[in-house]
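One structure is given here, and the rest of the page talks about it.
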Amino acid sequence: MVVIAPSRRIRRTPFTPGVEAAGVKGYTVYNHMLLPTVFDSVVADYHHLKNAVQVWDVACERQIELRGPDAARLMQMLTPRDLRGMLPGQCYYVPIVDETGGMLNDPVALKLSEDRWWISIADSDLLFWVKGLAYGYRLDVLVDEPDISPLAVQGPQAEELVARVFGDATRAVRFFRFGWFDFQGVSMAVARSGYSKQGGFEIYVDGAENGMPLWNAFLEAGKDLDVRAGCPNLIERIEGGLLSYGNDMTRENTPHECGLGRFCSTQTAIGCVGRDALLRVAKEGPTQQIRAIEIAGEIPPCDRAWPMLAGGKRVGQVTSAAKSPDFGVNVAIGMVRMTHWDAGATLQVDTPDGMREAVVHENFWL
């Protein structure tokens, strides 16, 4: 693949110097920012993530801040998940939809207070949609991108490492909750969350100037834990069924098609702009849905959608795929029509290297 040309339109992050010093070998572009994709190799990074601890530059998970009297109203307009019971200090995974019920993003929302929220976004220009709603409805709310850059600590030793830097009180932070902890005189939100199934934390670093001091503090404190720079791992995320917006789902898909119906309380999510459309979808049910797929044989990198066929007829597509060292099979995520989405259904996948046999799994691997 050709090299991505450097440009000011592709933003470096507060942690990029540390990423470069750690020997990053690949990047992708995510929310117009650099996101590391590999350090040693995808397979070596995978094994290390599962056995030790990694520090990830995920500053590309930009924050959209809602602040003001109408912040909660605007937040509810964005999602079919009922937020009325959400308390300050909680994180919610929230499908974000447009007026048709189509997915615009699948971020984690943090409720800082009744009138202040952060939306930690996946890869899409969601800020413009949120600002448009706020302006169009004349809401009393400020919508902006604050100088907040997430840094993730993931892996079995993540809790120990975070406790060494932020104090033992971080051990009490529950899953999808956050607390405020001090680092060199700066209060930062530390959440037990992250884009892996290995456990860990995300630190919302306040101020770009604090990025490298915190990065270096983690690497120094975790030497005996075999801490390394890392990044979201393709193989591990597919094993765990962690979806990637823009890869596994787009604006053409509803949350129900993405298997996210459990995060939708459409009946009671009063004010959500896509509520009427999703009420119809919830009643009728989706005609296609995300499934775990096992693919036989050797497969190339999945950099485009691969058609899935049954009897020569297209019944879906594979959107992410990789060979799993731990499970010894090719693991994949695919969108499959209801006629063929039952566990055990056999399909064919049309890869660039030829046709491959495949089978639908009931659950993902992790």
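How things are named: the first chain in the structure tokens is A, the next is B, and so on; residues count from 1 in each chain; ligands count from 1 in the order shown.
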
If we count only C-alpha atoms, what is near A:Glu202 at a cut-off of 8 Å, once residues fewer than 3 positions away on the same chain are taken out, given as a PyMOL selection string? chain A and resi 150-153+190-194

According to DSSP computed on the backbone, where in stretch 154-270 of chain A is there strand (DSSP E or B)? Give the residues as JSON, numbers by chain. {"A": [154, 175, 177, 178, 179, 180, 181, 182, 183, 186, 187, 188, 189, 190, 191, 192, 200, 201, 202, 203, 204, 205, 206, 227, 228, 229, 230, 245, 249]}

Compile the contact shell of stretch 313-329 of chain A as a list in words: residues with an atom at most 7 Å away, counting only C-alpha atoms, same-chain residues fewer than 3 positions apart removed.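 Contacts, with the query itself left out: Ile235, Asn247, Asp248, Glu294, Cys302, Arg304, Ala305, Trp306, Pro307, Met308, Leu309, Ala310, Ala332, Ile333, Gly334, Met335, Val336 and Arg337 of chain A.
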
Between atom CA of A:His48 and atom CA of A:Ser196, measure the distance and give it in Å to one decimal. 12.8 Å

Please return, as JSON, numbers by chain, all residues of stretch 117-209 of chain A that DSSP assigns to alpha helix (DSSP H) on the basis of the backbone. {"A": [126, 127, 128, 129, 130, 131, 132, 133, 134, 135, 136, 158, 159, 160, 161, 162, 163, 164, 165, 166]}

Nearest residue to A:His340 out of A:Asn363, A:Ser244, A:Gln288, A:Gln76, using only C-alpha atoms?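 The closest residue to A:His340 is A:Gln288.
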
Residues within 10 Å of A:Cys272, please, as a PyMOL selection string. Count only C-alpha atoms; anything in the same chain fewer than 6 positions from it doesn't count. chain A and resi 73-82+96-99+101+266+278

I need the residue nearest A:Pro146 from this list: A:Tyr30, A:Tyr92, A:Trp180, A:Tyr204. Use only C-alpha atoms for the distance.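 Closest to A:Pro146 of all the choices is A:Tyr204.
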
Between A:Val24, A:Met355, A:Met86, A:Leu133, which residue has the minimum interatomic distance to A:Ser41, considering only C-alpha atoms? A:Val24

State, in Å with one decimal place, the distance from atom CA of A:Gly207 to atom CA of A:Asp147. 5.5 Å

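Taking atom CA of A:Pro156 and atom CA of A:Phe201 as endpoints, the distance between them is 11.1 Å.
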
I'd like to know which of A:Pro36, A:Gly18, A:Arg177, A:Ala134 is closest to A:Gly89, using only C-alpha atoms.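 Going through A:Pro36, A:Gly18, A:Arg177, A:Ala134 one by one, the smallest distance to A:Gly89 is for A:Arg177.
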
Write out as a PyMOL selection string the residues lying within 8 Å of A:Ala277, counting only C-alpha atoms and excluding same-chain residues fewer than 2 positions away. chain A and resi 99-101+274-275+279-281

Keeping N, CA and C atoms, export the residues of the selection given above as an mmCIF file, in the first residue's frame.
```cif
data_model
loop_
_atom_site.group_PDB
_atom_site.id
_atom_site.type_symbol
_atom_site.label_atom_id
_atom_site.label_comp_id
_atom_site.auth_asym_id
_atom_site.auth_seq_id
_atom_site.Cartn_x
_atom_site.Cartn_y
_atom_site.Cartn_z
ATOM 1 N N GLU A 99 -32.601 11.009 11.308
ATOM 2 C CA GLU A 99 -34.064 11.001 11.317
ATOM 3 C C GLU A 99 -34.657 9.737 10.702
ATOM 4 N N THR A 100 -33.866 8.978 9.950
ATOM 5 C CA THR A 100 -34.338 7.731 9.360
ATOM 6 C C THR A 100 -34.031 6.521 10.241
ATOM 7 N N GLY A 101 -33.329 6.753 11.356
ATOM 8 C CA GLY A 101 -32.901 5.651 12.211
ATOM 9 C C GLY A 101 -31.562 5.073 11.816
ATOM 10 N N GLY A 274 -34.739 10.096 15.577
ATOM 11 C CA GLY A 274 -35.038 8.928 14.757
ATOM 12 C C GLY A 274 -36.049 7.999 15.395
ATOM 13 N N ARG A 275 -36.740 8.466 16.440
ATOM 14 C CA ARG A 275 -37.603 7.578 17.227
ATOM 15 C C ARG A 275 -38.720 6.962 16.394
ATOM 16 N N LEU A 279 -39.198 2.994 15.838
ATOM 17 C CA LEU A 279 -40.356 2.289 16.371
ATOM 18 C C LEU A 279 -40.900 1.312 15.328
ATOM 19 N N ARG A 280 -40.910 1.725 14.069
ATOM 20 C CA ARG A 280 -41.363 0.827 13.006
ATOM 21 C C ARG A 280 -40.405 -0.346 12.846
ATOM 22 N N VAL A 281 -39.096 -0.056 12.908
ATOM 23 C CA VAL A 281 -38.096 -1.115 12.771
ATOM 24 C C VAL A 281 -38.203 -2.107 13.926
#
```

If you count only C-alpha atoms, the residue of A:Arg251, A:Lys197, A:Lys223, A:Arg356 closest to A:Leu49 turns out to be A:Lys197
